[in-house]
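Chemist: Got a structure for you, entry_36.txt, holding compact mmCIF, C-alpha atoms.
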```
# COMPACT_ATOMS: atom_id res chain seq x y z
CA MET S 1370 149.07 106.99 183.76
CA ASP S 1371 152.35 105.17 183.08
CA LYS S 1372 153.68 102.91 185.80
CA PHE S 1373 157.00 103.76 187.44
CA ASP S 1374 159.19 101.00 188.83
CA THR S 1375 162.81 101.38 187.74
CA LEU S 1376 164.41 103.97 185.50
CA THR S 1377 167.93 104.12 184.11
CA GLY S 1378 168.65 107.25 182.15
CA ILE S 1379 170.59 110.42 181.53
CA ALA S 1380 170.37 113.03 184.28
CA ALA S 1381 170.47 116.73 183.41
CA PRO S 1382 172.03 119.08 185.99
CA MET S 1383 170.18 122.32 186.85
CA PRO S 1384 172.03 123.76 189.87
CA MET S 1385 169.53 126.56 190.47
CA VAL S 1386 167.42 127.20 193.56
CA ASN S 1387 163.81 128.40 193.53
CA ILE S 1388 162.98 127.16 190.03
CA ASP S 1389 159.34 128.23 189.96
CA THR S 1390 156.44 126.98 187.86
CA ASP S 1391 156.53 130.06 185.63
CA MET S 1392 160.11 129.18 184.71
CA ILE S 1393 159.06 125.57 184.11
CA ILE S 1394 156.14 126.54 181.84
CA PRO S 1395 155.46 130.27 181.26
CA LYS S 1396 151.92 131.58 181.63
CA GLN S 1397 151.28 132.06 177.89
CA PHE S 1398 151.24 128.27 177.44
CA LEU S 1399 148.50 127.63 180.02
CA LYS S 1400 145.58 127.97 177.60
CA THR S 1401 145.47 124.27 176.78
CA ILE S 1402 143.88 121.57 178.93
CA LYS S 1403 145.76 118.82 177.08
CA ARG S 1404 148.61 117.12 178.87
CA SER S 1405 150.53 116.54 175.65
CA GLY S 1406 152.47 119.01 173.51
CA LEU S 1407 153.90 121.13 176.34
CA GLY S 1408 157.35 119.54 176.38
CA VAL S 1409 158.59 121.80 173.61
CA ASN S 1410 157.87 124.80 175.86
CA LEU S 1411 159.48 123.38 179.01
CA PHE S 1412 161.78 126.10 180.46
CA ASP S 1413 160.82 128.14 177.39
CA GLU S 1414 162.37 131.45 178.42
CA MET S 1415 165.67 129.76 179.26
CA ARG S 1416 165.71 127.48 176.20
CA TYR S 1417 164.89 130.01 173.48
CA ASP S 1418 165.76 133.60 172.60
CA ARG S 1419 163.19 136.20 171.54
CA GLU S 1420 163.31 134.96 167.94
CA GLY S 1421 162.59 131.38 169.01
CA ASN S 1422 166.13 130.13 168.45
CA GLU S 1423 167.64 127.68 170.90
CA ILE S 1424 170.06 129.09 173.46
CA ALA S 1425 173.01 126.77 172.97
CA ASP S 1426 174.34 126.77 176.53
CA PHE S 1427 171.03 125.89 178.21
CA VAL S 1428 171.38 122.37 179.57
CA LEU S 1429 168.44 120.73 177.76
CA ASN S 1430 169.62 122.17 174.44
CA GLN S 1431 173.01 120.50 174.77
CA PRO S 1432 173.29 117.29 172.71
CA GLN S 1433 174.19 115.11 175.70
CA TYR S 1434 171.06 116.11 177.61
CA ARG S 1435 168.36 116.22 174.92
CA GLU S 1436 167.20 112.75 175.93
CA ALA S 1437 167.41 113.33 179.68
CA GLU S 1438 164.86 111.43 181.78
CA ILE S 1439 166.10 112.65 185.17
CA LEU S 1440 166.57 116.22 186.39
CA VAL S 1441 168.86 117.10 189.29
CA ALA S 1442 167.93 120.52 190.64
CA GLY S 1443 168.36 122.94 193.52
CA ASP S 1444 166.29 123.66 196.61
CA ASN S 1445 162.58 124.63 196.52
CA PHE S 1446 161.88 123.23 193.05
CA GLY S 1447 158.39 123.93 191.68
CA CYS S 1448 157.63 126.95 193.85
CA GLY S 1449 155.30 129.72 192.68
CA SER S 1450 151.81 129.21 191.31
CA SER S 1451 150.13 125.81 191.54
CA ARG S 1452 149.78 125.23 187.77
CA GLU S 1453 149.44 121.56 186.92
CA HIS S 1454 150.85 122.37 183.49
CA ALA S 1455 154.32 122.34 185.11
CA PRO S 1456 154.46 118.56 185.66
CA TRP S 1457 152.63 118.08 182.34
CA ALA S 1458 155.45 119.90 180.53
CA ILE S 1459 158.16 118.00 182.43
CA LYS S 1460 156.56 114.64 181.64
CA ASP S 1461 155.88 115.52 178.00
CA PHE S 1462 159.55 116.42 177.53
CA GLY S 1463 160.43 112.93 178.74
CA ILE S 1464 161.60 113.57 182.29
CA ARG S 1465 160.24 110.92 184.69
CA CYS S 1466 162.15 111.83 187.84
CA VAL S 1467 163.33 115.01 189.56
CA ILE S 1468 165.90 114.98 192.36
CA ALA S 1469 166.15 118.01 194.66
CA PRO S 1470 166.63 118.90 198.34
CA SER S 1471 163.03 120.21 198.60
CA TYR S 1472 159.89 121.03 196.61
CA ALA S 1473 156.85 123.25 196.83
CA ASP S 1474 154.07 121.09 198.30
CA ILE S 1475 151.51 121.45 195.51
CA PHE S 1476 154.04 120.78 192.77
CA TYR S 1477 155.37 117.78 194.70
CA ASN S 1478 151.92 116.21 194.96
CA ASN S 1479 151.07 117.02 191.34
CA CYS S 1480 154.14 115.09 190.21
CA PHE S 1481 152.83 111.83 191.64
CA LYS S 1482 149.45 112.39 189.98
CA ASN S 1483 151.18 112.75 186.61
CA GLY S 1484 153.61 109.85 186.66
CA ILE S 1485 156.70 111.74 187.85
CA LEU S 1486 158.78 110.69 190.86
CA PRO S 1487 160.06 113.69 192.87
CA ILE S 1488 162.91 112.48 195.08
CA VAL S 1489 164.02 114.43 198.15
CA LEU S 1490 167.63 113.98 199.22
CA PRO S 1491 169.93 115.94 201.54
CA GLN S 1492 171.82 118.79 199.89
CA GLU S 1493 175.19 117.04 200.12
CA GLN S 1494 173.83 114.00 198.27
CA VAL S 1495 172.18 116.18 195.64
CA ASP S 1496 175.53 117.92 195.18
CA LEU S 1497 177.22 114.58 194.49
CA LEU S 1498 174.51 113.59 192.00
CA MET S 1499 174.77 117.03 190.37
CA LYS S 1500 178.47 116.41 189.73
CA ASP S 1501 177.63 112.96 188.38
CA ALA S 1502 175.04 114.46 186.02
CA GLU S 1503 177.61 116.96 184.75
CA LYS S 1504 179.51 114.05 183.17
CA GLY S 1505 176.97 114.01 180.33
CA SER S 1506 175.26 111.21 178.43
CA ASN S 1507 177.77 108.53 179.46
CA ALA S 1508 176.79 108.95 183.12
CA ARG S 1509 173.47 107.18 183.63
CA MET S 1510 171.68 107.05 186.95
CA THR S 1511 169.30 104.31 188.06
CA ILE S 1512 166.17 105.00 190.10
CA ASP S 1513 164.58 102.01 191.84
CA LEU S 1514 161.25 103.00 193.35
CA GLU S 1515 160.59 99.61 194.95
CA ALA S 1516 163.94 99.70 196.76
CA GLN S 1517 163.76 103.50 197.13
CA THR S 1518 167.30 104.04 195.91
CA VAL S 1519 169.21 106.26 193.49
CA THR S 1520 172.39 104.76 192.06
CA SER S 1521 174.95 107.06 190.45
CA SER S 1522 176.98 106.18 187.37
CA ASP S 1523 179.87 105.32 189.72
CA GLY S 1524 177.73 102.89 191.72
CA ASP S 1525 177.11 105.09 194.76
CA VAL S 1526 173.71 104.30 196.26
CA PHE S 1527 171.49 106.85 198.02
CA SER S 1528 168.25 105.90 199.79
CA PHE S 1529 165.18 108.13 199.76
CA GLU S 1530 161.87 108.20 201.59
CA VAL S 1531 158.49 108.25 199.88
CA ASP S 1532 154.93 108.03 201.19
CA SER S 1533 153.72 104.42 200.87
CA PHE S 1534 150.40 105.40 199.27
CA LYS S 1535 152.06 107.67 196.70
CA LYS S 1536 154.56 104.90 195.98
CA HIS S 1537 151.73 102.40 195.45
CA CYS S 1538 149.94 104.75 193.05
CA LEU S 1539 153.07 105.48 191.02
CA MET S 1540 154.16 101.86 190.78
CA ASN S 1541 150.69 100.85 189.63
CA GLY S 1542 150.09 103.80 187.33
CA LEU S 1543 147.14 105.09 189.34
CA ASP S 1544 146.08 108.72 189.18
CA ASP S 1545 142.88 109.97 190.87
CA ILE S 1546 140.72 108.57 188.07
CA GLY S 1547 142.55 105.25 188.15
CA LEU S 1548 142.00 104.99 191.91
CA THR S 1549 138.29 105.61 191.41
CA MET S 1550 138.06 103.03 188.63
CA GLU S 1551 139.57 100.42 190.93
CA LYS S 1552 136.28 100.69 192.84
CA ALA S 1553 134.12 100.48 189.69
CA ALA S 1554 132.43 97.20 190.70
CA SER S 1555 131.53 98.54 194.15
CA ILE S 1556 130.25 101.80 192.64
CA ASP S 1557 128.09 99.91 190.13
CA SER S 1558 126.71 97.69 192.89
CA PHE S 1559 125.87 100.73 195.05
CA GLU S 1560 124.17 102.50 192.14
CA LYS S 1561 122.09 99.42 191.35
CA GLN S 1562 120.97 99.01 194.97
CA ALA S 1563 120.21 102.71 195.24
CA ALA S 1564 118.11 102.64 192.08
CA GLU S 1565 116.13 99.64 193.35
CA ALA S 1566 115.59 101.20 196.78
CA ARG S 1567 114.63 104.64 195.42
CA PRO S 1568 113.24 104.16 191.89
CA TRP S 1569 111.69 107.64 191.98
CA VAL S 1570 115.12 109.33 192.12
```
What's the structure tokens form of this structure?
Modeler:
Amino acid sequence: MDKFDTLTGIAAPMPMVNIDTDMIIPKQFLKTIKRSGLGVNLFDEMRYDREGNEIADFVLNQPQYREAEILVAGDNFGCGSSREHAPWAIKDFGIRCVIAPSYADIFYNNCFKNGILPIVLPQEQVDLLMKDAEKGSNARMTIDLEAQTVTSSDGDVFSFEVDSFKKHCLMNGLDDIGLTMEKAASIDSFEKQAAEARPWV
């Protein structure tokens, strides 16, 4: 998993509440178990018409937001089913951070396990960042995970809270497998001792 420390990038505004996981990645794209290749289908039903043509006024289809790495969204982001494909699609598109007033719990935790930082800020601060994001590609925000701050293009700084363990994992690029592999030497030692003590097993 990629490490996350600081990020300066374009923020795309999505001022919608209750963006659920089926909107993020519709059910017909859940057949794969690969984490790559889903970015093209992110927000599929909002990005494309029935013939597969891009819908020009959807935010991620607009030229200034095609390279967005930050998403500023409304309340209750990631609600609905607990599909892990949702953060996979977000990450594969290139978005590393989502800013919203609140998230569905399972989606929120899945973000950290997939290298995405979900930031929770009060509605009034999200509103200010939403307006900042609406300025387009010239307005770049900076996310500093170590300092736990979001800095707008105008230099306004907002502090956010994050669980210390989740922060450690994200800054060190540790998913569940990575955490286990940190204990590889201890696991090998235990297995060796167990084999010597119980050779019949």
Chemist: Between S:Phe1446, S:Trp1569, S:Phe1481, S:Tyr1434, which one has atoms that come closest to Asp1371 in chain S, using only C-alpha atoms?
Modeler: S:Phe1481
Chemist: Between CA of Leu1399 in chain S and CA of Pro1470 in chain S, what is the distance, to one decimal in Å?
Modeler: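 Those two atoms sit 27.2 Å apart.
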Chemist: Fewer than 6 positions away in the same chain doesn't count, so skip those; otherwise give me all residues within 6 Å of Ala1442 in chain S, counting only C-alpha atoms, as a list in words.
Modeler: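 These residues fall inside the cut-off: Met1383, Pro1384 and Ala1469 of chain S.
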Chemist: Show me as an NGL selection string the residues that reach within 9 Å of (160.6, 133.1, 184.7), counting only C-alpha atoms and using the file's own coordinates.
Modeler: :S and (1388-1395 or 1412-1415)
Chemist: Just to be explicit: take each residue in the selection above, keep C-alpha atoms, and write the result as an mmCIF file, in the frame of the given file.
Modeler:
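selection.cif, freshly written:
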```
data_model
loop_
_atom_site.group_PDB
_atom_site.id
_atom_site.type_symbol
_atom_site.label_atom_id
_atom_site.label_comp_id
_atom_site.auth_asym_id
_atom_site.auth_seq_id
_atom_site.Cartn_x
_atom_site.Cartn_y
_atom_site.Cartn_z
ATOM 1 C CA ILE S 1388 162.980 127.160 190.030
ATOM 2 C CA ASP S 1389 159.340 128.230 189.960
ATOM 3 C CA THR S 1390 156.440 126.980 187.860
ATOM 4 C CA ASP S 1391 156.530 130.060 185.630
ATOM 5 C CA MET S 1392 160.110 129.180 184.710
ATOM 6 C CA ILE S 1393 159.060 125.570 184.110
ATOM 7 C CA ILE S 1394 156.140 126.540 181.840
ATOM 8 C CA PRO S 1395 155.460 130.270 181.260
ATOM 9 C CA PHE S 1412 161.780 126.100 180.460
ATOM 10 C CA ASP S 1413 160.820 128.140 177.390
ATOM 11 C CA GLU S 1414 162.370 131.450 178.420
ATOM 12 C CA MET S 1415 165.670 129.760 179.260
#
```
Chemist: Hey, can you check how far CA of Glu1436 in chain S sits from CA of Leu1407 in chain S?
Modeler: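 That distance, rounded to one decimal, is 15.7 Å.
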Chemist: Nearest residue to Leu1411 in chain S out of S:Pro1456, S:Gly1484, S:Gly1524, S:Gly1542, using only C-alpha atoms?
Modeler: S:Pro1456
Chemist: When you count all atoms listed in the file, which of these residues is closest to Leu1429 in chain S: S:Ser1405, S:Gly1505, S:Leu1497, S:Gln1562?
Modeler: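 Among S:Ser1405, S:Gly1505, S:Leu1497, S:Gln1562, it is S:Gly1505 that comes nearest to Leu1429 in chain S.
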Chemist: I'd like the interatomic distance between CA of Arg1509 in chain S and CA of Ser1521 in chain S, to a tenth of an Å.
Modeler: 7.0 Å
Chemist: Please identify all polymer residues within 7 Å of Leu1440 in chain S, counting all atoms listed in the file, omitting same-chain residues fewer than 2 positions from it, and present them as a PyMOL selection string.
Modeler: chain S and resi 1380-1382+1438+1442+1464+1466-1468
Chemist: Missing atoms in range 1425-1454 of chain S: fill them in up to N, CA and C atoms and send the result as a PDB file, in the frame of the given file.
Modeler:
```
ATOM      1  N   ALA S1425     172.135 127.941 173.032  1.00  0.00           N
ATOM      2  CA  ALA S1425     173.010 126.770 172.970  1.00  0.00           C
ATOM      3  C   ALA S1425     173.504 126.284 174.325  1.00  0.00           C
ATOM      4  N   ASP S1426     173.750 127.208 175.270  1.00  0.00           N
ATOM      5  CA  ASP S1426     174.340 126.770 176.530  1.00  0.00           C
ATOM      6  C   ASP S1426     173.324 126.332 177.579  1.00  0.00           C
ATOM      7  N   PHE S1427     172.012 126.400 177.249  1.00  0.00           N
ATOM      8  CA  PHE S1427     171.030 125.890 178.210  1.00  0.00           C
ATOM      9  C   PHE S1427     171.113 124.368 178.221  1.00  0.00           C
ATOM     10  N   VAL S1428     171.057 123.788 179.393  1.00  0.00           N
ATOM     11  CA  VAL S1428     171.380 122.370 179.570  1.00  0.00           C
ATOM     12  C   VAL S1428     170.564 121.439 178.676  1.00  0.00           C
ATOM     13  N   LEU S1429     169.266 121.651 178.546  1.00  0.00           N
ATOM     14  CA  LEU S1429     168.440 120.730 177.760  1.00  0.00           C
ATOM     15  C   LEU S1429     168.601 120.917 176.253  1.00  0.00           C
ATOM     16  N   ASN S1430     169.313 121.971 175.858  1.00  0.00           N
ATOM     17  CA  ASN S1430     169.620 122.170 174.440  1.00  0.00           C
ATOM     18  C   ASN S1430     170.960 121.549 174.058  1.00  0.00           C
ATOM     19  N   GLN S1431     171.716 121.117 175.044  1.00  0.00           N
ATOM     20  CA  GLN S1431     173.010 120.500 174.770  1.00  0.00           C
ATOM     21  C   GLN S1431     172.798 119.056 174.329  1.00  0.00           C
ATOM     22  N   PRO S1432     173.516 118.620 173.297  1.00  0.00           N
ATOM     23  CA  PRO S1432     173.290 117.290 172.710  1.00  0.00           C
ATOM     24  C   PRO S1432     173.251 116.150 173.725  1.00  0.00           C
ATOM     25  N   GLN S1433     174.111 116.211 174.738  1.00  0.00           N
ATOM     26  CA  GLN S1433     174.190 115.110 175.700  1.00  0.00           C
ATOM     27  C   GLN S1433     172.998 115.030 176.645  1.00  0.00           C
ATOM     28  N   TYR S1434     172.191 116.101 176.671  1.00  0.00           N
ATOM     29  CA  TYR S1434     171.060 116.110 177.610  1.00  0.00           C
ATOM     30  C   TYR S1434     169.693 116.175 176.929  1.00  0.00           C
ATOM     31  N   ARG S1435     169.653 116.119 175.624  1.00  0.00           N
ATOM     32  CA  ARG S1435     168.360 116.220 174.920  1.00  0.00           C
ATOM     33  C   ARG S1435     167.428 115.050 175.226  1.00  0.00           C
ATOM     34  N   GLU S1436     168.005 113.927 175.611  1.00  0.00           N
ATOM     35  CA  GLU S1436     167.200 112.750 175.930  1.00  0.00           C
ATOM     36  C   GLU S1436     167.144 112.488 177.435  1.00  0.00           C
ATOM     37  N   ALA S1437     167.396 113.511 178.226  1.00  0.00           N
ATOM     38  CA  ALA S1437     167.410 113.330 179.680  1.00  0.00           C
ATOM     39  C   ALA S1437     166.052 112.875 180.201  1.00  0.00           C
ATOM     40  N   GLU S1438     166.078 111.926 181.133  1.00  0.00           N
ATOM     41  CA  GLU S1438     164.860 111.430 181.780  1.00  0.00           C
ATOM     42  C   GLU S1438     164.843 111.754 183.267  1.00  0.00           C
ATOM     43  N   ILE S1439     165.960 112.294 183.761  1.00  0.00           N
ATOM     44  CA  ILE S1439     166.100 112.650 185.170  1.00  0.00           C
ATOM     45  C   ILE S1439     166.628 114.073 185.239  1.00  0.00           C
ATOM     46  N   LEU S1440     166.117 114.840 186.181  1.00  0.00           N
ATOM     47  CA  LEU S1440     166.570 116.220 186.390  1.00  0.00           C
ATOM     48  C   LEU S1440     167.071 116.359 187.810  1.00  0.00           C
ATOM     49  N   VAL S1441     168.301 116.836 187.961  1.00  0.00           N
ATOM     50  CA  VAL S1441     168.860 117.100 189.290  1.00  0.00           C
ATOM     51  C   VAL S1441     168.874 118.606 189.479  1.00  0.00           C
ATOM     52  N   ALA S1442     168.145 119.078 190.488  1.00  0.00           N
ATOM     53  CA  ALA S1442     167.930 120.520 190.640  1.00  0.00           C
ATOM     54  C   ALA S1442     168.203 120.992 192.057  1.00  0.00           C
ATOM     55  N   GLY S1443     168.107 122.318 192.230  1.00  0.00           N
ATOM     56  CA  GLY S1443     168.360 122.940 193.520  1.00  0.00           C
ATOM     57  C   GLY S1443     167.134 122.963 194.425  1.00  0.00           C
ATOM     58  N   ASP S1444     167.298 123.606 195.549  1.00  0.00           N
ATOM     59  CA  ASP S1444     166.290 123.660 196.610  1.00  0.00           C
ATOM     60  C   ASP S1444     165.017 124.387 196.162  1.00  0.00           C
ATOM     61  N   ASN S1445     163.878 123.967 196.715  1.00  0.00           N
ATOM     62  CA  ASN S1445     162.580 124.630 196.520  1.00  0.00           C
ATOM     63  C   ASN S1445     162.111 124.554 195.068  1.00  0.00           C
ATOM     64  N   PHE S1446     162.289 123.412 194.451  1.00  0.00           N
ATOM     65  CA  PHE S1446     161.880 123.230 193.050  1.00  0.00           C
ATOM     66  C   PHE S1446     160.355 123.238 192.945  1.00  0.00           C
ATOM     67  N   GLY S1447     159.836 123.908 191.915  1.00  0.00           N
ATOM     68  CA  GLY S1447     158.390 123.930 191.680  1.00  0.00           C
ATOM     69  C   GLY S1447     157.632 124.923 192.527  1.00  0.00           C
ATOM     70  N   CYS S1448     158.324 125.935 193.066  1.00  0.00           N
ATOM     71  CA  CYS S1448     157.630 126.950 193.850  1.00  0.00           C
ATOM     72  C   CYS S1448     156.828 127.872 192.927  1.00  0.00           C
ATOM     73  N   GLY S1449     156.113 128.820 193.499  1.00  0.00           N
ATOM     74  CA  GLY S1449     155.300 129.720 192.680  1.00  0.00           C
ATOM     75  C   GLY S1449     153.871 129.248 192.584  1.00  0.00           C
ATOM     76  N   SER S1450     153.221 129.549 191.465  1.00  0.00           N
ATOM     77  CA  SER S1450     151.810 129.210 191.310  1.00  0.00           C
ATOM     78  C   SER S1450     151.618 127.695 191.200  1.00  0.00           C
ATOM     79  N   SER S1451     150.406 127.251 191.439  1.00  0.00           N
ATOM     80  CA  SER S1451     150.130 125.810 191.540  1.00  0.00           C
ATOM     81  C   SER S1451     149.745 125.172 190.217  1.00  0.00           C
ATOM     82  N   ARG S1452     150.187 125.732 189.098  1.00  0.00           N
ATOM     83  CA  ARG S1452     149.780 125.230 187.770  1.00  0.00           C
ATOM     84  C   ARG S1452     150.187 123.782 187.546  1.00  0.00           C
ATOM     85  N   GLU S1453     149.181 122.967 187.201  1.00  0.00           N
ATOM     86  CA  GLU S1453     149.440 121.560 186.920  1.00  0.00           C
ATOM     87  C   GLU S1453     150.151 121.383 185.590  1.00  0.00           C
ATOM     88  N   HIS S1454     150.149 122.436 184.761  1.00  0.00           N
ATOM     89  CA  HIS S1454     150.850 122.370 183.490  1.00  0.00           C
ATOM     90  C   HIS S1454     152.360 122.149 183.688  1.00  0.00           C
TER      91      HIS S1454
END
```
